[in-house]
$ cat work.txt   # compact mmCIF, C-alpha atoms
# COMPACT_ATOMS: atom_id res chain seq x y z
CA MET A 178 -4.08 17.77 -1.29
CA GLU A 179 -6.77 16.30 -3.54
CA ASN A 180 -5.22 12.84 -3.13
CA TYR A 181 -5.17 13.32 0.64
CA LYS A 182 -8.89 14.19 0.71
CA LEU A 183 -9.72 11.20 -1.49
CA GLY A 184 -7.73 8.85 0.74
CA VAL A 185 -9.26 10.23 3.95
CA ARG A 186 -12.81 9.91 2.62
CA ALA A 187 -12.20 6.30 1.56
CA SER A 188 -10.65 5.47 4.93
CA TRP A 189 -13.56 6.90 6.92
CA ILE A 190 -16.04 4.95 4.79
CA THR A 191 -14.20 1.71 5.58
CA VAL A 192 -14.07 2.59 9.31
CA VAL A 193 -17.87 2.97 9.49
CA VAL A 194 -18.50 -0.23 7.49
CA ASN A 195 -16.02 -2.19 9.63
CA ILE A 196 -17.59 -1.10 12.92
CA ILE A 197 -21.08 -2.13 11.74
CA LEU A 198 -19.81 -5.43 10.30
CA ALA A 199 -17.74 -6.29 13.38
CA ALA A 200 -20.70 -5.68 15.71
CA PHE A 201 -22.94 -7.90 13.55
CA LYS A 202 -20.34 -10.70 13.42
CA VAL A 203 -19.72 -10.72 17.19
CA ILE A 204 -23.47 -10.76 17.92
CA ALA A 205 -23.98 -13.53 15.33
CA GLY A 206 -21.13 -15.49 16.90
CA ILE A 207 -22.65 -15.25 20.38
CA ILE A 208 -26.20 -16.09 19.24
CA GLY A 209 -25.00 -18.74 16.78
CA ASN A 210 -22.72 -20.50 19.27
CA SER A 211 -19.67 -19.97 17.02
CA SER A 212 -16.32 -19.10 18.59
CA ALA A 213 -14.83 -18.83 15.08
CA MET A 214 -17.32 -16.09 14.18
CA ILE A 215 -16.58 -14.20 17.40
CA ALA A 216 -12.85 -14.34 16.55
CA ASP A 217 -13.67 -13.21 12.99
CA GLY A 218 -15.55 -10.23 14.42
CA VAL A 219 -12.58 -9.28 16.57
CA HIS A 220 -10.39 -9.57 13.46
CA THR A 221 -12.66 -7.06 11.72
CA LEU A 222 -12.30 -4.68 14.65
CA SER A 223 -8.52 -4.83 14.13
CA ASP A 224 -9.16 -3.38 10.66
CA VAL A 225 -10.55 -0.25 12.32
CA LEU A 226 -7.22 0.20 14.13
CA THR A 227 -5.19 -0.24 10.94
CA THR A 228 -7.37 2.25 9.06
CA PHE A 229 -6.72 4.85 11.76
CA VAL A 230 -3.00 4.19 11.23
CA VAL A 231 -3.54 4.84 7.49
CA LEU A 232 -5.35 8.10 8.24
CA LEU A 233 -2.42 9.22 10.39
CA GLY A 234 0.03 8.25 7.64
CA LEU A 235 -1.91 10.13 4.96
CA ARG A 236 -2.14 13.23 7.13
CA ILE A 237 1.59 13.35 7.87
CA SER A 238 2.86 12.34 4.40
CA SER A 239 0.70 14.99 2.68
CA LYS A 240 2.33 17.85 4.62
CA GLU A 241 4.47 20.28 2.67
CA ALA A 242 8.25 20.36 3.07
CA ASP A 243 9.50 22.36 6.05
CA LYS A 244 12.80 23.30 7.72
CA GLU A 245 13.13 19.95 9.49
CA HIS A 246 12.00 17.95 6.43
CA PRO A 247 13.24 19.86 3.35
CA TYR A 248 12.50 16.90 1.05
CA GLY A 249 8.92 16.50 2.27
CA HIS A 250 7.17 13.84 4.37
CA GLU A 251 6.36 11.13 1.80
CA LYS A 252 8.53 8.50 3.51
CA TYR A 253 6.14 8.45 6.45
CA GLU A 254 3.81 6.51 4.12
CA SER A 255 6.36 3.69 4.01
CA VAL A 256 6.87 3.81 7.78
CA PHE A 257 3.14 3.39 8.44
CA ALA A 258 2.91 0.70 5.74
CA LYS A 259 5.65 -1.17 7.60
CA VAL A 260 3.61 -0.95 10.81
CA LEU A 261 0.53 -2.26 8.98
CA SER A 262 2.49 -5.14 7.46
CA MET A 263 3.56 -6.18 10.96
CA LEU A 264 -0.07 -6.03 12.12
CA LEU A 265 -0.96 -8.31 9.21
CA LEU A 266 1.80 -10.71 10.25
CA LEU A 267 0.58 -10.77 13.85
CA THR A 268 -3.02 -11.24 12.68
CA GLY A 269 -2.02 -14.20 10.51
CA ILE A 270 0.02 -15.79 13.29
CA PHE A 271 -2.85 -15.31 15.77
CA ILE A 272 -5.39 -16.93 13.40
CA GLY A 273 -3.05 -19.88 12.82
CA TYR A 274 -2.28 -20.28 16.53
CA GLU A 275 -5.97 -20.33 17.50
CA ALA A 276 -6.78 -22.81 14.71
CA ILE A 277 -3.97 -25.17 15.76
CA LYS A 278 -5.12 -24.94 19.38
CA VAL A 279 -8.67 -25.99 18.44
CA LEU A 280 -7.37 -28.77 16.18
CA ILE A 281 -5.22 -30.21 18.97
CA SER A 282 -7.82 -29.90 21.73
CA GLY A 283 -10.71 -31.22 19.63
CA GLU A 284 -13.09 -28.84 21.40
CA THR A 285 -15.57 -28.09 18.64
CA ARG A 286 -19.24 -27.11 18.75
CA THR A 287 -21.98 -27.13 16.11
CA PRO A 288 -22.83 -23.51 15.25
CA LYS A 289 -26.23 -22.20 14.16
CA LEU A 290 -27.32 -20.91 10.75
CA ILE A 291 -26.90 -17.22 11.69
CA ALA A 292 -23.14 -17.76 11.98
CA LEU A 293 -23.04 -19.14 8.42
CA ILE A 294 -25.05 -16.16 7.11
CA ALA A 295 -22.73 -13.72 8.91
CA ALA A 296 -19.65 -15.42 7.42
CA PHE A 297 -21.08 -15.21 3.88
CA LEU A 298 -22.03 -11.56 4.32
CA SER A 299 -18.56 -10.79 5.65
CA ILE A 300 -16.89 -12.38 2.60
CA VAL A 301 -18.95 -10.24 0.21
CA VAL A 302 -18.56 -6.98 2.15
CA LYS A 303 -14.82 -7.37 2.88
CA GLU A 304 -13.97 -8.33 -0.70
CA GLY A 305 -15.90 -5.27 -1.87
CA MET A 306 -13.97 -3.11 0.60
CA TYR A 307 -10.70 -4.57 -0.70
CA TRP A 308 -11.45 -3.59 -4.32
CA TYR A 309 -12.71 -0.14 -3.31
CA THR A 310 -9.63 0.57 -1.16
CA ILE A 311 -7.05 -0.87 -3.57
CA LYS A 312 -8.50 1.22 -6.41
CA ILE A 313 -8.13 4.43 -4.37
CA ALA A 314 -4.68 3.36 -3.10
CA ARG A 315 -3.35 2.85 -6.62
CA LYS A 316 -4.92 6.09 -7.83
CA ILE A 317 -3.24 8.19 -5.13
CA LYS A 318 -0.15 5.91 -4.94
CA SER A 319 -0.50 5.24 -1.20
CA ILE A 320 1.39 2.17 0.00
CA SER A 321 -0.12 2.37 3.50
CA MET A 322 -3.64 2.40 2.02
CA GLU A 323 -2.65 -0.54 -0.18
CA ALA A 324 -1.59 -2.38 2.97
CA ASP A 325 -4.96 -1.54 4.52
CA ALA A 326 -6.70 -2.93 1.42
CA TRP A 327 -4.88 -6.21 1.90
CA HIS A 328 -5.95 -6.19 5.52
CA HIS A 329 -9.56 -6.09 4.27
CA ARG A 330 -8.83 -9.04 1.99
CA SER A 331 -7.19 -10.94 4.86
CA ASP A 332 -10.46 -10.50 6.73
CA ALA A 333 -12.33 -11.86 3.69
CA PHE A 334 -9.98 -14.87 3.69
CA SER A 335 -10.60 -15.30 7.39
CA SER A 336 -14.35 -15.25 6.76
CA ILE A 337 -13.96 -17.87 4.00
CA GLY A 338 -12.25 -20.08 6.56
CA THR A 339 -15.01 -19.33 9.06
CA PHE A 340 -17.70 -20.10 6.47
CA ALA A 341 -16.06 -23.41 5.54
CA GLY A 342 -15.59 -24.31 9.19
CA VAL A 343 -19.15 -23.46 10.19
CA LEU A 344 -20.57 -25.31 7.17
CA GLY A 345 -18.31 -28.29 7.83
CA ALA A 346 -19.31 -28.38 11.49
CA GLN A 347 -22.99 -28.34 10.53
CA LEU A 348 -22.36 -31.26 8.16
CA GLY A 349 -20.43 -33.19 10.81
CA PHE A 350 -16.85 -32.46 9.62
CA THR A 351 -15.79 -30.43 12.64
CA ALA A 352 -12.06 -30.54 11.80
CA LEU A 353 -12.64 -28.35 8.73
CA ASP A 354 -12.93 -25.24 10.92
CA PRO A 355 -9.37 -25.27 12.34
CA ILE A 356 -7.83 -26.60 9.10
CA ALA A 357 -9.35 -23.74 7.09
CA GLY A 358 -8.09 -21.31 9.75
CA ILE A 359 -4.51 -22.56 9.31
CA ILE A 360 -4.70 -22.16 5.50
CA VAL A 361 -6.07 -18.63 5.91
CA SER A 362 -3.29 -17.71 8.34
CA ILE A 363 -0.64 -18.71 5.76
CA PHE A 364 -2.20 -16.40 3.15
CA VAL A 365 -2.33 -13.50 5.62
CA VAL A 366 1.28 -13.98 6.75
CA LYS A 367 2.47 -14.04 3.12
CA VAL A 368 0.72 -10.74 2.34
CA GLY A 369 2.27 -9.23 5.48
CA VAL A 370 5.76 -10.33 4.44
CA ASP A 371 5.34 -9.00 0.88
CA LEU A 372 4.16 -5.59 2.12
CA TYR A 373 6.98 -5.45 4.69
CA ILE A 374 9.57 -6.02 1.95
CA LYS A 375 7.94 -3.41 -0.29
CA SER A 376 7.91 -0.77 2.46
CA VAL A 377 11.56 -1.45 3.35
CA LYS A 378 12.58 -0.99 -0.30
CA GLU A 379 10.97 2.46 -0.30
CA LEU A 380 12.78 3.42 2.89
CA VAL A 381 16.25 2.56 1.57
CA ASP A 382 16.11 4.79 -1.53
CA GLU A 383 15.74 2.01 -4.07
CA ALA A 384 15.94 3.04 -7.73
CA ALA A 385 12.79 3.56 -9.78
CA SER A 386 11.61 0.75 -12.06
CA GLU A 387 13.40 0.08 -15.36
CA GLU A 388 10.26 1.23 -17.18
CA VAL A 389 10.39 4.66 -15.52
CA ILE A 390 14.16 4.98 -16.05
CA GLU A 391 13.83 4.21 -19.77
CA MET A 392 10.99 6.74 -20.01
CA ILE A 393 13.23 9.41 -18.43
CA ARG A 394 16.04 8.60 -20.89
CA ALA A 395 13.74 8.74 -23.91
CA LYS A 396 12.08 12.02 -22.94
CA SER A 397 15.44 13.65 -22.14
CA LYS A 398 17.02 12.65 -25.46
CA PHE A 399 13.97 14.05 -27.26
CA ILE A 400 14.89 17.60 -26.16
CA ASP A 401 16.65 19.61 -28.85
CA GLY A 402 20.26 20.26 -27.82
CA VAL A 403 20.74 17.14 -25.67
CA LYS A 404 23.68 15.25 -27.19
CA GLY A 405 23.47 12.32 -24.81
CA ILE A 406 23.17 11.24 -21.18
CA LYS A 407 26.28 10.83 -19.05
CA SER A 408 24.57 9.47 -15.94
CA LEU A 409 21.08 8.97 -14.55
CA LYS A 410 20.21 8.24 -10.93
CA THR A 411 16.75 7.83 -9.43
CA ARG A 412 15.51 7.13 -5.91
CA VAL A 413 12.07 6.30 -4.65
CA PHE A 414 10.99 8.63 -1.86
CA GLY A 415 7.74 7.31 -0.40
CA ASN A 416 5.35 7.35 -3.36
CA ARG A 417 7.40 9.88 -5.37
CA ILE A 418 10.71 9.82 -7.27
CA TYR A 419 13.78 12.05 -7.20
CA VAL A 420 15.89 12.24 -10.37
CA ASP A 421 19.53 13.30 -10.84
CA ILE A 422 20.57 13.42 -14.49
CA GLU A 423 23.72 14.62 -16.27
CA ILE A 424 23.28 15.51 -19.94
CA PHE A 425 25.80 16.29 -22.65
CA VAL A 426 25.43 19.61 -24.51
CA ASP A 427 27.53 21.20 -27.23
CA SER A 428 30.70 22.56 -25.61
CA ASN A 429 30.68 25.62 -27.91
CA ILE A 430 27.33 27.06 -26.82
CA SER A 431 26.93 29.75 -24.14
CA VAL A 432 26.25 29.02 -20.47
CA LYS A 433 22.79 30.57 -20.95
CA SER A 434 21.99 28.21 -23.85
CA GLY A 435 23.16 25.21 -21.82
CA HIS A 436 21.03 26.32 -18.90
CA ASP A 437 17.98 26.69 -21.14
CA ILE A 438 18.41 23.13 -22.44
CA ALA A 439 18.73 21.81 -18.89
CA GLU A 440 15.59 23.72 -17.89
CA LYS A 441 13.64 22.20 -20.80
CA VAL A 442 14.68 18.70 -19.66
CA HIS A 443 13.70 19.53 -16.08
CA ASP A 444 10.29 20.93 -17.03
CA LYS A 445 9.46 18.12 -19.46
CA LEU A 446 10.28 15.33 -17.00
CA GLU A 447 8.39 16.88 -14.08
CA ALA A 448 5.37 17.74 -16.27
CA GLU A 449 5.05 14.44 -18.12
CA ILE A 450 6.01 11.91 -15.42
CA SER A 451 3.69 12.56 -12.49
CA ASP A 452 5.63 10.33 -10.06
CA ILE A 453 8.66 12.66 -10.21
CA LYS A 454 8.73 15.08 -7.30
CA HIS A 455 12.00 16.81 -8.21
CA CYS A 456 14.50 16.58 -11.06
CA MET A 457 18.07 17.89 -10.84
CA VAL A 458 19.73 18.39 -14.24
CA HIS A 459 23.49 18.90 -14.64
CA ILE A 460 25.14 19.76 -17.96
CA GLU A 461 28.45 18.36 -19.28
CA PRO A 462 30.38 19.66 -22.35
CA PHE A 463 30.17 17.38 -25.40
CA GLN A 464 33.09 17.33 -27.79
CA LYS A 465 33.18 15.43 -31.08
$ encode --input "work.txt" --output "structure tokens"
Amino acid sequence: MENYKLGVRASWITVVVNIILAAFKVIAGIIGNSSAMIADGVHTLSDVLTTFVVLLGLRISSKEADKEHPYGHEKYESVFAKVLSMLLLLTGIFIGYEAIKVLISGETRTPKLIALIAAFLSIVVKEGMYWYTIKIARKIKSISMEADAWHHRSDAFSSIGTFAGVLGAQLGFTALDPIAGIIVSIFVVKVGVDLYIKSVKELVDEAASEEVIEMIRAKSKFIDGVKGIKSLKTRVFGNRIYVDIEIFVDSNISVKSGHDIAEKVHDKLEAEISDIKHCMVHIEPFQK
């Protein structure tokens, strides 16, 4: 619940900042005679939509397990991250399409200084929002918030392209505007593809990383009475991990003693590896 509150607060902060920034960029684009800045402002408004998607994802994924969802709701995080990755893809394609259109038509205008100032301000603000959001996302292990952070950075990239285009147009190199837009679109599309792949992996019960698996093995073997590990299976469930482990115990001990060893393994893994949501321990008789 604490992670949910932290994520919600961060998301609302970015919503307010985005609305103010988008309004400033659109006004600057109109006054400064810059179609690129107007498009950049609209791009920023799209960030408001994606942040609302993140808020919805955080709200649903933080719900406790119920009758219909006995394993919890964490996978909804990956579903919403998948939606955000597709929005990033569409945003990148749109930026590239508009840039190519301008490049082919040759319809360029010389923007005013206010458009350049707005582009620079946008770069600084959006990059700051990226670092703020990604820090919170990694702290609470939210993939949808991580996707939203990259959406902020895609906006910063877009503003870099806008800045270069506006500056180039003012210096007489009008083709720089659409060329920069195409380069930016490639970066945005790549981020969208990477996040899409990451969200799909979480939805298909991919195993935990080798680092986590080795940590589970080491901590389990450390428990007194564990003679070895027969099998170990892990699956990523949203931002958490489920563990199924079979351990060898002395075949001559009582059922109660075997159960106590299994319980120690269970408690140690869940207490010391915060990503683990549930650990199922099964005992097997060990004979010399």
$ residues_around --input "work.txt" --residues "segment 303-307 of chain A" --least-positions-apart "2" --cutoff "7 Å" --atoms "only C-alpha atoms" --output "PyMOL selection string"
chain A and resi 191+299-301+309-311+326-327+329-330+332-333
$ atom_distance --input "work.txt" --atom1 "atom CA of Leu267 of chain A" --atom2 "atom CA of Tyr373 of chain A"
12.4 Å
$ atom_distance --input "work.txt" --atom1 "atom CA of Glu241 of chain A" --atom2 "atom CA of Gly184 of chain A"
16.8 Å
$ residues_around --input "work.txt" --residues "Ser362 of chain A" --least-positions-apart "4" --cutoff "7 Å" --atoms "only C-alpha atoms" --output "count of residues only"
6
$ atom_distance --input "work.txt" --atom1 "atom CA of Ile337 of chain A" --atom2 "atom CA of Ile360 of chain A"
10.3 Å
$ closest_atom_pairs --input "work.txt" --of "segment 317-402 of chain A" --to "segment 210-230 of chain A" --cutoff "10 Å" --atoms "only C-alpha atoms" --output "Markdown table"
| residue | atom | partner | partner_atom | distance |
| --- | --- | --- | --- | --- |
| A:Ser321 | CA | A:Val230 | CA | 8.4 |
| A:Met322 | CA | A:Thr228 | CA | 8.0 |
| A:Ala324 | CA | A:Thr227 | CA | 9.0 |
| A:Asp325 | CA | A:Thr228 | CA | 6.4 |
| A:Ala326 | CA | A:Thr228 | CA | 9.3 |
| A:His328 | CA | A:Asp224 | CA | 6.7 |
| A:His329 | CA | A:Asp224 | CA | 7.0 |
| A:Ser331 | CA | A:His220 | CA | 9.3 |
| A:Asp332 | CA | A:Thr221 | CA | 6.4 |
| A:Ala333 | CA | A:Thr221 | CA | 9.4 |
| A:Ser335 | CA | A:Asp217 | CA | 6.7 |
| A:Ser336 | CA | A:Asp217 | CA | 6.6 |
| A:Gly338 | CA | A:Ala213 | CA | 9.0 |
| A:Thr339 | CA | A:Ala213 | CA | 6.0 |
| A:Phe340 | CA | A:Met214 | CA | 8.7 |
| A:Gly342 | CA | A:Ala213 | CA | 8.1 |
| A:Val343 | CA | A:Ser211 | CA | 7.7 |
| A:Asp354 | CA | A:Ala213 | CA | 7.9 |
| A:Pro355 | CA | A:Ala213 | CA | 8.9 |
| A:Gly358 | CA | A:Ala213 | CA | 8.9 |
$ residues_around --input "work.txt" --residues "Met457 of chain A" --least-positions-apart "5" --cutoff "10 Å" --atoms "only C-alpha atoms" --output "number ranges by chain"
A: 410, 419-423, 439-440, 442-443
$ residues_around --input "work.txt" --residues "Ala205 of chain A" --least-positions-apart "6" --cutoff "7 Å" --atoms "all atoms listed in the file" --output "JSON, numbers by chain"
{"A": [291, 292, 295]}
$ closest_residue --input "work.txt" --among "A:Leu290, A:Val279, A:Arg412, A:Asn429" --to "Ile356 of chain A" --atoms "all atoms listed in the file"
A:Val279
$ residues_near_point --input "work.txt" --point "(13.7, 3.5, -6.0)" --cutoff "7 Å" --atoms "all atoms listed in the file" --output "ChimeraX atom specification"
/A:379,382-386,411-413
$ residues_around --input "work.txt" --residues "Ile393 of chain A" --least-positions-apart "2" --cutoff "12 Å" --atoms "all atoms listed in the file" --output "ChimeraX atom specification"
/A:385-391,395-400,406,408-411,418-424,442-453,456,458
$ write_last_selection --input "work.txt" --atoms "C-alpha atoms" --output "PDB file, keeping the file's coordinate frame"
ATOM      1  CA  ALA A 385      12.790   3.560  -9.780  1.00  0.00           C
ATOM      2  CA  SER A 386      11.610   0.750 -12.060  1.00  0.00           C
ATOM      3  CA  GLU A 387      13.400   0.080 -15.360  1.00  0.00           C
ATOM      4  CA  GLU A 388      10.260   1.230 -17.180  1.00  0.00           C
ATOM      5  CA  VAL A 389      10.390   4.660 -15.520  1.00  0.00           C
ATOM      6  CA  ILE A 390      14.160   4.980 -16.050  1.00  0.00           C
ATOM      7  CA  GLU A 391      13.830   4.210 -19.770  1.00  0.00           C
ATOM      8  CA  ALA A 395      13.740   8.740 -23.910  1.00  0.00           C
ATOM      9  CA  LYS A 396      12.080  12.020 -22.940  1.00  0.00           C
ATOM     10  CA  SER A 397      15.440  13.650 -22.140  1.00  0.00           C
ATOM     11  CA  LYS A 398      17.020  12.650 -25.460  1.00  0.00           C
ATOM     12  CA  PHE A 399      13.970  14.050 -27.260  1.00  0.00           C
ATOM     13  CA  ILE A 400      14.890  17.600 -26.160  1.00  0.00           C
ATOM     14  CA  ILE A 406      23.170  11.240 -21.180  1.00  0.00           C
ATOM     15  CA  SER A 408      24.570   9.470 -15.940  1.00  0.00           C
ATOM     16  CA  LEU A 409      21.080   8.970 -14.550  1.00  0.00           C
ATOM     17  CA  LYS A 410      20.210   8.240 -10.930  1.00  0.00           C
ATOM     18  CA  THR A 411      16.750   7.830  -9.430  1.00  0.00           C
ATOM     19  CA  ILE A 418      10.710   9.820  -7.270  1.00  0.00           C
ATOM     20  CA  TYR A 419      13.780  12.050  -7.200  1.00  0.00           C
ATOM     21  CA  VAL A 420      15.890  12.240 -10.370  1.00  0.00           C
ATOM     22  CA  ASP A 421      19.530  13.300 -10.840  1.00  0.00           C
ATOM     23  CA  ILE A 422      20.570  13.420 -14.490  1.00  0.00           C
ATOM     24  CA  GLU A 423      23.720  14.620 -16.270  1.00  0.00           C
ATOM     25  CA  ILE A 424      23.280  15.510 -19.940  1.00  0.00           C
ATOM     26  CA  VAL A 442      14.680  18.700 -19.660  1.00  0.00           C
ATOM     27  CA  HIS A 443      13.700  19.530 -16.080  1.00  0.00           C
ATOM     28  CA  ASP A 444      10.290  20.930 -17.030  1.00  0.00           C
ATOM     29  CA  LYS A 445       9.460  18.120 -19.460  1.00  0.00           C
ATOM     30  CA  LEU A 446      10.280  15.330 -17.000  1.00  0.00           C
ATOM     31  CA  GLU A 447       8.390  16.880 -14.080  1.00  0.00           C
ATOM     32  CA  ALA A 448       5.370  17.740 -16.270  1.00  0.00           C
ATOM     33  CA  GLU A 449       5.050  14.440 -18.120  1.00  0.00           C
ATOM     34  CA  ILE A 450       6.010  11.910 -15.420  1.00  0.00           C
ATOM     35  CA  SER A 451       3.690  12.560 -12.490  1.00  0.00           C
ATOM     36  CA  ASP A 452       5.630  10.330 -10.060  1.00  0.00           C
ATOM     37  CA  ILE A 453       8.660  12.660 -10.210  1.00  0.00           C
ATOM     38  CA  CYS A 456      14.500  16.580 -11.060  1.00  0.00           C
ATOM     39  CA  VAL A 458      19.730  18.390 -14.240  1.00  0.00           C
TER      40      VAL A 458
END
$ closest_residue --input "work.txt" --among "A:Phe364, A:Trp308, A:Phe350, A:Phe463" --to "Ala187 of chain A" --atoms "all atoms listed in the file"
A:Trp308
$ closest_residue --input "work.txt" --among "A:Ile313, A:Trp189, A:Leu353, A:Ala199" --to "Gly283 of chain A" --atoms "all atoms listed in the file"
A:Leu353
$ residues_near_point --input "work.txt" --point "(31.4, 22.2, -25.4)" --cutoff "12 Å" --atoms "all atoms listed in the file" --output "VMD selection string"
chain A and resid 402 to 404 424 to 432 434 to 435 460 to 465
$ closest_residue --input "work.txt" --among "A:Ala314, A:Ile197, A:Ala352, A:Leu380" --to "Ala276 of chain A" --atoms "all atoms listed in the file"
A:Ala352
$ closest_residue --input "work.txt" --among "A:His459, A:Lys454, A:Val370, A:Leu344" --to "Leu264 of chain A" --atoms "all atoms listed in the file"
A:Val370
$ closest_residue --input "work.txt" --among "A:Lys407, A:Ala296, A:Lys378, A:Ile277" --to "Val203 of chain A" --atoms "all atoms listed in the file"
A:Ala296
$ build_atoms --input "work.txt" --residues "segment 185-197 of chain A" --atoms "N, CA, C and O atoms" --output "compact mmCIF listing (two decimals), in the frame of the given file"
# COMPACT_ATOMS: atom_id res chain seq x y z
N VAL A 185 -8.59 10.08 2.65
CA VAL A 185 -9.26 10.23 3.95
C VAL A 185 -10.72 9.82 3.86
O VAL A 185 -11.24 9.12 4.72
N ARG A 186 -11.39 10.26 2.78
CA ARG A 186 -12.81 9.91 2.62
C ARG A 186 -12.99 8.39 2.51
O ARG A 186 -13.86 7.82 3.16
N ALA A 187 -12.13 7.75 1.72
CA ALA A 187 -12.20 6.30 1.56
C ALA A 187 -11.95 5.59 2.88
O ALA A 187 -12.61 4.60 3.21
N SER A 188 -10.99 6.09 3.65
CA SER A 188 -10.65 5.47 4.93
C SER A 188 -11.79 5.57 5.93
O SER A 188 -12.10 4.61 6.65
N TRP A 189 -12.44 6.73 5.98
CA TRP A 189 -13.56 6.90 6.92
C TRP A 189 -14.75 6.02 6.54
O TRP A 189 -15.45 5.50 7.42
N ILE A 190 -14.96 5.84 5.25
CA ILE A 190 -16.04 4.95 4.79
C ILE A 190 -15.77 3.53 5.28
O ILE A 190 -16.68 2.85 5.79
N THR A 191 -14.52 3.06 5.15
CA THR A 191 -14.20 1.71 5.58
C THR A 191 -14.28 1.56 7.10
O THR A 191 -14.62 0.49 7.61
N VAL A 192 -13.96 2.64 7.84
CA VAL A 192 -14.07 2.59 9.31
C VAL A 192 -15.53 2.34 9.72
O VAL A 192 -15.81 1.46 10.55
N VAL A 193 -16.44 3.10 9.14
CA VAL A 193 -17.87 2.97 9.49
C VAL A 193 -18.38 1.57 9.14
O VAL A 193 -19.04 0.91 9.95
N VAL A 194 -18.05 1.10 7.92
CA VAL A 194 -18.50 -0.23 7.49
C VAL A 194 -17.94 -1.32 8.40
O VAL A 194 -18.65 -2.26 8.78
N ASN A 195 -16.66 -1.19 8.77
CA ASN A 195 -16.02 -2.19 9.63
C ASN A 195 -16.66 -2.26 11.01
O ASN A 195 -16.82 -3.35 11.57
N ILE A 196 -16.98 -1.13 11.58
CA ILE A 196 -17.59 -1.10 12.92
C ILE A 196 -18.95 -1.81 12.89
O ILE A 196 -19.25 -2.63 13.77
N ILE A 197 -19.76 -1.49 11.87
CA ILE A 197 -21.08 -2.13 11.74
C ILE A 197 -20.94 -3.64 11.52
O ILE A 197 -21.62 -4.45 12.16
